[in-house]
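J.: My file is final25.txt. It has compact mmCIF, C-alpha atoms:
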```txt
# COMPACT_ATOMS: atom_id res chain seq x y z
CA MET A 1 40.37 -72.84 37.92
CA THR A 2 38.44 -70.26 35.89
CA ILE A 3 34.99 -71.22 34.74
CA LYS A 4 34.88 -71.95 31.00
CA LEU A 5 31.80 -71.08 28.99
CA ILE A 6 31.39 -72.58 25.54
CA GLY A 7 29.07 -70.36 23.57
CA ILE A 8 28.76 -67.58 21.06
CA SER A 9 28.13 -63.89 21.61
CA LYS A 10 25.03 -63.86 19.39
CA SER A 11 23.35 -66.72 21.26
CA THR A 12 20.60 -65.47 23.59
CA ALA A 13 21.04 -68.53 25.80
CA THR A 14 24.79 -67.84 26.09
CA LEU A 15 24.01 -64.23 26.99
CA SER A 16 21.74 -65.33 29.88
CA VAL A 17 24.64 -67.25 31.40
CA ILE A 18 27.05 -64.33 30.85
CA VAL A 19 24.68 -62.01 32.73
CA CYS A 20 24.39 -64.58 35.52
CA LEU A 21 28.20 -64.94 35.80
CA ASN A 22 28.56 -61.15 35.94
CA GLU A 23 25.75 -60.71 38.48
CA LEU A 24 27.46 -63.27 40.73
CA GLY A 25 30.91 -61.70 40.19
CA LEU A 26 32.38 -64.85 38.64
CA PRO A 27 35.34 -64.55 36.26
CA TYR A 28 34.99 -66.76 33.20
CA GLN A 29 36.52 -67.50 29.80
CA LEU A 30 34.23 -67.49 26.79
CA GLU A 31 35.23 -70.09 24.24
CA ALA A 32 33.46 -69.85 20.92
CA PRO A 33 33.54 -72.91 18.63
CA ALA A 34 35.65 -71.98 15.57
CA ASN A 35 32.94 -72.98 13.11
CA PHE A 36 29.71 -73.00 15.08
CA ALA A 37 27.40 -74.85 12.70
CA VAL A 38 29.88 -77.67 12.12
CA ASP A 39 31.72 -77.92 15.44
CA THR A 40 28.60 -78.33 17.57
CA LYS A 41 27.43 -81.35 15.54
CA THR A 42 30.56 -83.50 15.63
CA GLU A 43 30.42 -86.90 17.36
CA ASP A 44 32.82 -85.59 19.98
CA TYR A 45 30.70 -82.52 20.75
CA LEU A 46 27.51 -84.56 20.98
CA ALA A 47 29.14 -87.16 23.20
CA ASN A 48 31.08 -84.82 25.48
CA LYS A 49 29.54 -81.36 25.44
CA HIS A 50 25.86 -81.27 24.50
CA PRO A 51 23.90 -84.28 23.21
CA PHE A 52 21.55 -82.00 21.26
CA GLY A 53 24.43 -80.00 19.72
CA LYS A 54 23.64 -76.70 21.44
CA VAL A 55 25.36 -73.90 23.30
CA PRO A 56 26.01 -72.85 26.01
CA VAL A 57 27.98 -75.46 27.92
CA LEU A 58 29.66 -74.54 31.21
CA ILE A 59 32.76 -76.26 32.55
CA ASP A 60 33.53 -75.68 36.23
CA GLY A 61 36.62 -77.69 37.07
CA ASP A 62 35.63 -81.31 36.42
CA PHE A 63 31.92 -80.51 36.31
CA LYS A 64 30.15 -79.99 33.01
CA ILE A 65 26.59 -78.71 32.65
CA ASN A 66 24.52 -77.46 29.74
CA GLU A 67 21.18 -75.68 29.13
CA SER A 68 21.24 -72.01 30.14
CA ARG A 69 18.49 -72.10 32.77
CA ALA A 70 20.06 -75.16 34.44
CA ILE A 71 23.48 -73.49 34.34
CA CYS A 72 22.11 -70.30 35.93
CA ARG A 73 20.39 -72.25 38.73
CA TYR A 74 23.61 -74.23 39.35
CA LEU A 75 25.70 -71.04 39.50
CA ALA A 76 23.20 -69.42 41.89
CA SER A 77 23.14 -72.49 44.18
CA LYS A 78 26.90 -72.74 44.32
CA TYR A 79 28.13 -69.16 44.19
CA GLN A 80 25.45 -66.61 45.05
CA GLY A 81 26.51 -64.31 47.85
CA LYS A 82 30.15 -65.41 47.60
CA HIS A 83 31.58 -62.67 45.38
CA THR A 84 28.73 -60.11 45.21
CA ASN A 85 25.60 -59.41 47.25
CA THR A 86 23.25 -60.32 44.43
CA ILE A 87 20.81 -63.06 45.39
CA LEU A 88 19.23 -64.64 42.32
CA ILE A 89 17.22 -67.34 44.12
CA PRO A 90 16.04 -66.25 47.60
CA LYS A 91 16.78 -68.50 50.56
CA ASP A 92 13.21 -68.19 51.81
CA VAL A 93 11.37 -71.13 50.28
CA HIS A 94 8.18 -69.15 49.59
CA GLN A 95 10.03 -66.31 47.87
CA ALA A 96 12.09 -68.84 45.90
CA GLY A 97 8.84 -70.50 44.78
CA LEU A 98 7.55 -67.21 43.43
CA VAL A 99 10.84 -66.58 41.59
CA GLU A 100 10.40 -70.01 39.97
CA GLN A 101 6.81 -69.08 39.10
CA PHE A 102 8.01 -65.95 37.32
CA THR A 103 10.77 -67.86 35.51
CA SER A 104 8.05 -70.19 34.27
CA TYR A 105 6.06 -67.19 32.99
CA GLU A 106 9.21 -66.13 31.09
CA SER A 107 9.70 -69.56 29.48
CA PHE A 108 6.11 -70.32 28.57
CA TYR A 109 4.29 -67.01 28.02
CA TYR A 110 6.84 -64.24 27.37
CA ASP A 111 9.54 -66.06 25.43
CA PRO A 112 7.43 -67.60 22.62
CA PRO A 113 6.14 -64.32 21.14
CA VAL A 114 9.33 -62.30 21.84
CA SER A 115 11.56 -64.95 20.33
CA LYS A 116 9.31 -65.11 17.23
CA ILE A 117 9.73 -61.36 16.77
CA VAL A 118 13.50 -61.62 17.21
CA TYR A 119 13.82 -64.56 14.82
CA GLN A 120 11.75 -62.85 12.13
CA GLU A 121 12.96 -59.27 12.46
CA VAL A 122 16.56 -59.68 13.60
CA ILE A 123 17.96 -63.15 12.92
CA TYR A 124 16.32 -63.80 9.55
CA LYS A 125 17.22 -60.30 8.37
CA PHE A 126 20.82 -60.87 9.51
CA HIS A 127 20.91 -63.97 7.30
CA GLY A 128 19.36 -62.10 4.36
CA LYS A 129 15.97 -63.79 4.66
CA GLU A 130 12.59 -62.09 4.41
CA SER A 131 10.52 -61.87 7.57
CA ASP A 132 6.90 -63.03 7.49
CA PRO A 133 4.65 -60.08 8.39
CA GLU A 134 1.78 -62.36 9.44
CA ILE A 135 3.95 -64.17 11.99
CA VAL A 136 5.31 -60.86 13.30
CA LYS A 137 1.81 -59.33 13.56
CA GLN A 138 0.49 -62.34 15.51
CA ALA A 139 3.56 -62.39 17.76
CA CYS A 140 3.13 -58.68 18.55
CA GLU A 141 -0.52 -59.24 19.42
CA ASP A 142 0.36 -62.19 21.66
CA LEU A 143 3.17 -60.25 23.32
CA SER A 144 0.86 -57.28 23.94
CA LYS A 145 -1.48 -59.53 25.92
CA VAL A 146 1.46 -60.88 27.95
CA LEU A 147 2.79 -57.38 28.63
CA ASP A 148 -0.67 -56.27 29.78
CA VAL A 149 -0.41 -59.00 32.44
CA TYR A 150 3.15 -57.92 33.32
CA GLU A 151 1.94 -54.31 33.67
CA LYS A 152 -0.39 -55.47 36.48
CA LEU A 153 2.20 -57.84 38.02
CA LEU A 154 4.77 -55.03 38.21
CA GLU A 155 2.40 -52.56 39.93
CA GLY A 156 4.23 -51.15 42.94
CA LYS A 157 7.24 -53.37 42.30
CA GLU A 158 10.71 -52.72 40.94
CA TYR A 159 11.21 -56.25 39.74
CA LEU A 160 8.91 -59.24 39.14
CA ASN A 161 9.23 -60.59 42.67
CA GLY A 162 9.91 -57.23 44.29
CA GLU A 163 13.70 -57.68 44.48
CA TYR A 164 15.88 -58.51 41.48
CA SER A 165 16.05 -62.25 40.85
CA LEU A 166 16.78 -64.96 38.32
CA ALA A 167 13.28 -64.42 36.91
CA ASP A 168 14.17 -60.89 35.73
CA LEU A 169 17.59 -62.00 34.47
CA LEU A 170 16.15 -64.62 32.13
CA HIS A 171 14.16 -61.90 30.35
CA TYR A 172 17.28 -60.01 29.24
CA PRO A 173 18.44 -61.53 25.98
CA PHE A 174 15.31 -61.71 23.85
CA THR A 175 13.98 -58.44 25.28
CA TYR A 176 17.25 -56.73 24.39
CA TYR A 177 17.15 -57.87 20.77
CA ALA A 178 13.42 -57.19 20.32
CA TYR A 179 13.62 -53.76 21.99
CA SER A 180 16.85 -52.53 20.45
CA TYR A 181 17.04 -54.22 17.09
CA ALA A 182 13.53 -55.18 16.00
CA ASN A 183 11.95 -51.71 16.25
CA ARG A 184 9.40 -52.87 18.76
CA SER A 185 10.38 -50.75 21.77
CA ASP A 186 6.89 -49.21 21.82
CA LEU A 187 5.46 -52.48 23.13
CA TRP A 188 7.39 -51.99 26.37
CA ASP A 189 7.50 -48.20 26.43
CA LYS A 190 3.76 -47.59 26.28
CA ARG A 191 3.22 -49.51 29.53
CA PRO A 192 4.59 -47.41 32.43
CA ASN A 193 5.44 -50.24 34.86
CA VAL A 194 6.93 -52.42 32.14
CA LYS A 195 8.87 -49.46 30.74
CA LYS A 196 10.42 -48.66 34.15
CA TRP A 197 11.22 -52.33 34.74
CA TRP A 198 13.13 -52.64 31.47
CA GLU A 199 14.94 -49.33 32.15
CA ARG A 200 16.02 -50.60 35.54
CA LEU A 201 17.26 -53.84 34.01
CA ARG A 202 19.23 -51.97 31.32
CA ASN A 203 20.91 -49.87 33.98
CA ARG A 204 22.29 -52.75 36.02
CA ASP A 205 26.10 -52.91 36.05
CA ALA A 206 26.21 -56.63 35.31
CA TRP A 207 24.09 -56.11 32.19
CA LYS A 208 26.29 -53.28 30.94
CA LYS A 209 29.39 -55.41 31.50
CA SER A 210 27.73 -58.34 29.68
CA LEU A 211 27.09 -56.20 26.60
CA GLU A 212 30.76 -55.21 26.65
CA ASP A 213 31.76 -58.85 27.04
CA ILE A 214 29.81 -59.96 23.97
CA LYS A 215 31.05 -57.09 21.84
CA SER A 216 34.70 -57.88 22.45
CA MET B 1 -3.97 -76.88 56.94
CA THR B 2 -4.02 -79.33 54.04
CA ILE B 3 -2.49 -78.31 50.76
CA LYS B 4 -5.10 -77.64 48.08
CA LEU B 5 -4.44 -78.29 44.37
CA ILE B 6 -6.66 -76.64 41.79
CA GLY B 7 -6.62 -78.44 38.45
CA TYR B 8 -7.87 -81.34 36.30
CA PRO B 9 -6.12 -84.75 36.27
CA ILE B 10 -6.14 -84.88 32.45
CA SER B 11 -4.15 -81.65 32.38
CA THR B 12 -0.50 -82.70 32.00
CA PRO B 13 0.78 -79.83 34.16
CA THR B 14 -1.69 -80.72 36.93
CA LEU B 15 -0.57 -84.36 36.76
CA ARG B 16 3.06 -83.26 37.16
CA VAL B 17 2.16 -81.75 40.54
CA VAL B 18 -0.01 -84.73 41.56
CA ILE B 19 2.92 -87.11 40.98
CA CYS B 20 5.26 -84.84 42.93
CA LEU B 21 2.83 -84.59 45.89
CA LYS B 22 2.38 -88.37 45.96
CA GLU B 23 6.10 -89.12 45.59
CA LEU B 24 6.91 -86.83 48.53
CA GLY B 25 4.05 -88.33 50.57
CA ILE B 26 2.39 -84.92 51.04
CA PRO B 27 -1.31 -85.01 51.90
CA TYR B 28 -3.43 -82.77 49.71
CA GLU B 29 -6.97 -82.03 48.58
CA PHE B 30 -7.81 -81.94 44.92
CA GLU B 31 -10.18 -79.24 43.73
CA PRO B 32 -11.25 -79.11 40.10
CA PRO B 33 -12.22 -75.59 38.97
CA ALA B 34 -15.96 -74.88 38.65
CA SER B 35 -15.53 -74.82 34.84
CA PHE B 36 -13.01 -73.85 32.13
CA GLN B 37 -14.76 -70.47 31.95
CA ALA B 38 -14.11 -69.93 35.67
CA LEU B 39 -10.38 -69.76 34.88
CA LYS B 40 -10.97 -66.49 33.03
CA ASP B 41 -12.93 -64.82 35.88
CA LYS B 42 -11.46 -61.56 37.14
CA ASP B 43 -11.16 -63.04 40.61
CA TYR B 44 -9.25 -66.12 39.40
CA ILE B 45 -6.88 -64.00 37.35
CA ALA B 46 -6.26 -61.56 40.19
CA ASN B 47 -5.85 -64.14 42.96
CA LYS B 48 -4.96 -67.53 41.50
CA HIS B 49 -3.21 -67.34 38.10
CA ALA B 50 -2.46 -64.14 36.20
CA PHE B 51 -2.68 -66.02 32.88
CA GLY B 52 -5.87 -67.95 33.78
CA LYS B 53 -4.24 -71.39 33.87
CA ILE B 54 -4.10 -74.51 36.02
CA PRO B 55 -2.65 -75.89 38.23
CA VAL B 56 -2.56 -73.57 41.24
CA LEU B 57 -1.41 -74.74 44.66
CA LEU B 58 -2.60 -73.25 47.94
CA ASP B 59 -0.44 -73.96 50.99
CA GLY B 60 -2.08 -72.08 53.87
CA ASP B 61 -2.01 -68.43 52.80
CA TYR B 62 0.58 -69.06 50.12
CA VAL B 63 -0.52 -69.26 46.47
CA ILE B 64 1.83 -70.53 43.75
CA ASN B 65 1.20 -71.50 40.15
CA GLU B 66 3.04 -73.03 37.18
CA SER B 67 3.58 -76.77 37.63
CA ARG B 68 7.37 -76.82 37.49
CA ALA B 69 7.61 -73.94 40.00
CA ILE B 70 5.10 -75.67 42.28
CA CYS B 71 7.10 -78.91 42.18
CA ARG B 72 10.37 -77.14 42.99
CA TYR B 73 8.66 -75.38 45.91
CA LEU B 74 7.24 -78.65 47.24
CA VAL B 75 10.67 -80.28 47.03
CA SER B 76 12.40 -77.37 48.81
CA LYS B 77 9.85 -77.29 51.60
CA TYR B 78 8.78 -80.91 52.09
CA GLN B 79 11.37 -83.29 50.64
CA GLY B 80 12.44 -85.71 53.37
CA LYS B 81 9.67 -84.63 55.76
CA TYR B 82 7.07 -87.35 55.00
CA ASN B 83 9.30 -90.02 53.44
CA ASP B 84 12.84 -90.63 52.15
CA THR B 85 12.25 -89.82 48.50
CA ILE B 86 14.77 -87.32 47.16
CA LEU B 87 13.66 -85.49 44.03
CA ILE B 88 16.39 -82.84 43.96
CA PRO B 89 19.69 -84.02 45.51
CA SER B 90 21.34 -81.76 48.07
CA ASP B 91 24.66 -82.07 46.20
CA VAL B 92 24.84 -78.94 44.06
CA HIS B 93 26.42 -80.76 41.09
CA LYS B 94 23.82 -83.54 41.00
CA ALA B 95 21.06 -80.95 41.42
CA GLY B 96 22.53 -79.08 38.45
CA LEU B 97 22.26 -82.22 36.31
CA VAL B 98 18.63 -82.69 37.40
CA GLU B 99 17.97 -79.14 36.19
CA GLN B 100 19.76 -79.93 32.91
CA PHE B 101 17.44 -82.87 32.25
CA ILE B 102 14.44 -80.78 33.30
CA SER B 103 15.51 -78.36 30.58
CA TYR B 104 15.78 -81.19 28.03
CA GLU B 105 12.17 -82.09 28.84
CA SER B 106 10.89 -78.52 28.29
CA CYS B 107 13.03 -77.70 25.30
CA TYR B 108 13.32 -80.91 23.28
CA TYR B 109 11.01 -83.68 24.53
CA ASP B 110 7.75 -81.91 25.31
CA SER B 111 7.13 -80.27 21.94
CA PRO B 112 7.04 -83.41 19.73
CA VAL B 113 5.12 -85.44 22.33
CA SER B 114 2.63 -82.60 22.66
CA LYS B 115 2.20 -82.56 18.87
CA ILE B 116 1.15 -86.21 19.02
CA ILE B 117 -1.15 -85.97 22.04
CA GLY B 118 -2.50 -82.59 20.92
CA GLN B 119 -3.92 -84.38 17.93
CA GLU B 120 -4.67 -87.86 19.21
CA VAL B 121 -6.08 -86.94 22.63
CA PHE B 122 -7.11 -83.30 22.66
CA ALA B 123 -8.18 -82.38 19.11
CA LYS B 124 -11.54 -84.14 19.16
CA LYS B 125 -12.21 -83.73 22.89
CA PHE B 126 -11.56 -80.01 23.13
CA ARG B 127 -11.64 -78.61 19.61
CA GLY B 128 -14.14 -80.94 17.90
CA LYS B 129 -11.64 -81.68 15.13
CA ASP B 130 -10.22 -84.88 13.68
CA PRO B 131 -6.54 -85.65 14.38
CA ASP B 132 -4.25 -84.21 11.71
CA PRO B 133 -2.04 -87.02 10.35
CA GLU B 134 0.62 -84.60 9.06
CA ILE B 135 1.18 -83.09 12.48
CA ILE B 136 1.29 -86.55 14.07
CA LYS B 137 3.81 -87.72 11.48
CA GLN B 138 6.03 -84.69 12.15
CA GLY B 139 5.67 -85.23 15.91
CA ARG B 140 6.79 -88.85 15.54
CA GLU B 141 9.81 -87.92 13.39
CA ASP B 142 10.93 -85.21 15.78
CA LEU B 143 10.37 -87.40 18.82
CA SER B 144 12.34 -90.26 17.26
CA LYS B 145 15.41 -88.02 17.02
CA VAL B 146 15.01 -86.96 20.66
CA LEU B 147 14.52 -90.53 21.86
CA ASP B 148 17.64 -91.61 19.95
CA VAL B 149 19.54 -89.13 22.13
CA TYR B 150 17.76 -90.37 25.28
CA GLU B 151 18.70 -93.96 24.32
CA LYS B 152 22.38 -92.97 24.61
CA LEU B 153 21.86 -90.81 27.73
CA LEU B 154 20.15 -93.70 29.53
CA GLU B 155 22.91 -96.24 28.80
CA GLY B 156 23.67 -98.02 32.06
CA LYS B 157 21.14 -95.94 33.98
CA GLU B 158 17.74 -96.67 35.47
CA TYR B 159 16.73 -93.00 35.50
CA LEU B 160 17.95 -89.85 33.77
CA ILE B 161 20.65 -88.90 36.30
CA GLY B 162 21.01 -92.45 37.57
CA GLU B 163 18.76 -92.07 40.62
CA PHE B 164 15.07 -91.19 40.36
CA SER B 165 14.58 -87.41 40.35
CA LEU B 166 12.24 -84.57 39.55
CA ALA B 167 13.50 -84.66 35.94
CA ASP B 168 11.93 -88.10 35.44
CA ILE B 169 8.64 -86.95 36.96
CA PHE B 170 8.40 -84.02 34.54
CA HIS B 171 8.46 -86.45 31.62
CA CYS B 172 5.63 -88.60 32.95
CA PRO B 173 2.34 -86.86 32.17
CA CYS B 174 2.67 -86.36 28.43
CA THR B 175 4.48 -89.68 27.99
CA ASN B 176 1.64 -91.44 29.77
CA LEU B 177 -0.87 -90.05 27.28
CA ALA B 178 1.24 -90.72 24.18
CA TYR B 179 2.39 -94.18 25.23
CA GLY B 180 -1.18 -95.10 26.04
CA ILE B 181 -2.08 -94.72 22.38
CA ALA B 182 -1.33 -98.12 20.85
CA ALA B 183 -0.06 -96.67 17.59
CA HIS B 184 2.73 -94.75 19.34
CA SER B 185 4.07 -96.95 22.15
CA ASP B 186 6.63 -98.33 19.67
CA LEU B 187 8.57 -95.08 19.92
CA TRP B 188 9.56 -95.98 23.48
CA ASP B 189 9.40 -99.78 23.21
CA ASN B 190 11.75 -100.00 20.21
CA ARG B 191 14.62 -98.49 22.20
CA PRO B 192 15.81 -100.83 24.99
CA ASN B 193 17.17 -98.18 27.41
CA VAL B 194 14.20 -95.88 26.87
CA LYS B 195 11.80 -98.83 27.26
CA ASN B 196 13.48 -99.82 30.52
CA TRP B 197 13.32 -96.22 31.80
CA TRP B 198 9.63 -95.83 30.97
CA ASN B 199 8.81 -99.21 32.52
CA ASN B 200 10.64 -98.16 35.71
CA LEU B 201 8.57 -94.99 35.83
CA ARG B 202 5.13 -96.36 35.07
CA ASN B 203 5.59 -99.14 37.61
CA ARG B 204 6.39 -96.85 40.52
CA ASP B 205 3.48 -96.98 43.01
CA CYS B 206 2.94 -93.24 43.18
CA ILE B 207 3.09 -92.84 39.44
CA LYS B 208 0.73 -95.76 38.86
CA LYS B 209 -1.76 -94.24 41.32
CA SER B 210 -1.43 -90.84 39.63
CA PHE B 211 -2.12 -92.32 36.20
CA GLU B 212 -5.24 -94.02 37.62
CA GLU B 213 -6.59 -90.60 38.51
CA VAL B 214 -6.31 -89.57 34.86
CA LYS B 215 -8.36 -92.57 33.76
CA ASN B 216 -11.20 -91.81 36.21
```
Kindly return the structure encoded in the file as structure tokens.

T.:
Amino acid sequence: MTIKLIGISKSTATLSVIVCLNELGLPYQLEAPANFAVDTKTEDYLANKHPFGKVPVLIDGDFKINESRAICRYLASKYQGKHTNTILIPKDVHQAGLVEQFTSYESFYYDPPVSKIVYQEVIYKFHGKESDPEIVKQACEDLSKVLDVYEKLLEGKEYLNGEYSLADLLHYPFTYYAYSYANRSDLWDKRPNVKKWWERLRNRDAWKKSLEDIKS
Amino acid sequence: MTIKLIGYPISTPTLRVVICLKELGIPYEFEPPASFQALKDKDYIANKHAFGKIPVLLDGDYVINESRAICRYLVSKYQGKYNDTILIPSDVHKAGLVEQFISYESCYYDSPVSKIIGQEVFAKKFRGKDPDPEIIKQGREDLSKVLDVYEKLLEGKEYLIGEFSLADIFHCPCTNLAYGIAAHSDLWDNRPNVKNWWNNLRNRDCIKKSFEEVKN
């Protein structure tokens, strides 16, 4: 039975799962709620899909799971190596620990400033709202400090843990929107290691397919 | 060689790792940093934590940081070796649900609880300021909505996925601080399933012992 993914193409969390499915070579069906704002808050949705009214939700046969990072870890545990050679969480327990360390950096240091920039400069603008220049300025300063750390961490490495992993994957969605739509590409491009890392990520087949998937 | 944990017991991330070590029966040595300033030393940043944070775990030559990553590493390597406690089930579907609840903790639960304890516990101690009642009020309102969801999720269950797991542990440190403030324990105690869940947790031997370390 094909995996079903409930989500929307504009959702960064949905996009993380789409990249993961593509990296692992898993066919899936994307099912967008007809009226997102309303349909995700019905009693039925809260009881049976996501108790906090969010997307994405993944349905794999009888199994239902939500929260993008949990979904990605589940997919890696169950399917990695089965359809493609891509290993998102290494089998070696020490390497896996470092991948988890880098995913924690993404959640707690990288994501807060990048998501602020995306919300202000992309999402608010899309909804016809004014962005707050003070918030954007502070977020750019915070992100610069984080990217200075990443510049050192990526020295001599192609990806955060050397080989491509779940940690790199989780950086895709917000980086994509901030880099391509929020006019902030200079933050990445003026740091040579960071610049090469993002270029490598953009050139991965699974990423290119994921962009096609969300556009259709 | 004994595992070494660098951190402070009052730090909620450090306490997460302490509980995990105790629950898995892993012997370890606790090492508080020389000072807060020491966390910003070039040597600490280069060799312990790139963002100058605690906790950091040293297991022989292996260095890993970020509390949730450390806990997952400890589970992968040591679960079942010192005792029978299972924090992440081997069944890939149950493990997926543990990760889902771990995500609920990071994304929905932690922020409002942190608002409350940020003011009530840390404002005076670390920033020399009085608690801000507006922030506390907002924290309580937001947390009430989250705990209403948890009340339903815990129906008929002793722990978040039924059996005790890593997801429950991740909720412990900040809950311990917030619940310990008399004015806020009602948030948990007014909801029968949530109250039962929290009582189960704070009465576990390892968790009780861990909370003692915070008091001392």

J.: Do a neighbour search on Glu158 (chain B) at 8 Å with all atoms listed in the file, toss out local chain neighbours closer than 2 positions, and write the hits as a ChimeraX atom specification.

T.: /B:154,156,160,162-164,196-197,200

J.: Find the nearest atom pair between each residue of chain B and chain A for residues within 10 Å, count only C-alpha atoms, give distances in Å to one decimal, sort rows by chain and ascending number, and present the table as CSV.

T.:
```
residue,atom,partner,partner_atom,distance
B:Ile45,CA,A:Val149,CA,9.5
B:Ala46,CA,A:Lys152,CA,9.2
B:Ala50,CA,A:Val149,CA,6.7
B:Phe51,CA,A:Val149,CA,7.4
B:Asp59,CA,A:His94,CA,10.0
B:Tyr62,CA,A:His94,CA,7.6
B:Val63,CA,A:Leu98,CA,8.9
B:Ile64,CA,A:Leu98,CA,6.6
B:Asn65,CA,A:Gln101,CA,6.2
B:Glu66,CA,A:Gln101,CA,5.8
B:Ser67,CA,A:Gln101,CA,8.5
B:Arg68,CA,A:Ser104,CA,7.4
B:Ala69,CA,A:Glu100,CA,4.8
B:Ile70,CA,A:Gly97,CA,6.9
B:Cys71,CA,A:Gly97,CA,9.0
B:Arg72,CA,A:Gly97,CA,7.0
B:Tyr73,CA,A:Gly97,CA,5.0
B:Leu74,CA,A:Gly97,CA,8.7
B:Val75,CA,A:Val93,CA,9.7
B:Ser76,CA,A:Val93,CA,6.5
B:Lys77,CA,A:Val93,CA,6.5
B:Asp91,CA,A:Lys78,CA,9.8
B:Val92,CA,A:Lys78,CA,6.5
B:His93,CA,A:Phe63,CA,7.3
B:Lys94,CA,A:Tyr74,CA,9.5
B:Ala95,CA,A:Tyr74,CA,7.5
B:Gly96,CA,A:Tyr74,CA,5.0
B:Leu97,CA,A:Ile65,CA,6.7
B:Val98,CA,A:Ala70,CA,8.2
B:Glu99,CA,A:Ala70,CA,4.8
B:Gln100,CA,A:Ala70,CA,5.0
B:Phe101,CA,A:Ala70,CA,8.4
B:Ile102,CA,A:Ala70,CA,8.0
B:Ser103,CA,A:Glu67,CA,6.4
B:Tyr104,CA,A:Glu67,CA,7.8
B:Ser106,CA,A:Ser107,CA,9.1
B:Cys107,CA,A:Glu67,CA,9.2
B:Tyr108,CA,A:Phe52,CA,8.5
B:Lys145,CA,A:Phe52,CA,9.6
B:Val146,CA,A:Phe52,CA,8.2
B:Val149,CA,A:Pro51,CA,6.6
B:Tyr150,CA,A:Pro51,CA,8.9
B:Lys152,CA,A:Pro51,CA,8.9
B:Leu153,CA,A:Pro51,CA,8.2
```

J.: So, counting only C-alpha atoms, which residue among A:Arg202, A:Glu163, A:Ser144, A:Ala32 is closest to Leu88 (chain A)?

T.: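 Closest candidate: A:Glu163.
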
J.: Looking at B:Thr85, B:Ser11, B:Gln37, B:Glu31, which one is nearest to Ser114 (chain B), with distances taken over only C-alpha atoms?

T.: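 Checking each candidate against Ser114 (chain B), we get B:Ser11 as the closest.
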
J.: Can you pull out every residue within 9 Å of Arg191 (chain B), counting all atoms listed in the file, but drop anything in the same chain fewer than 6 positions away, and send it as a PyMOL selection string?

T.: chain B and resi 147-148+151

J.: Determine the nearest neighbour of Asn216 (chain B) from the options B:Ala182, B:Ile10, B:Leu58, B:Ile116, counting only C-alpha atoms.

T.: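 Of all the options, B:Ile10 lies closest to Asn216 (chain B).
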
J.: Check the smallest atom-to-atom distance from each of B:Glu29, B:Leu21, B:Cys172, B:Pro89 to Met1 (chain B) using all atoms listed in the file, then report the winner.

T.: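 For Met1 (chain B), the nearest of the given residues is B:Glu29.
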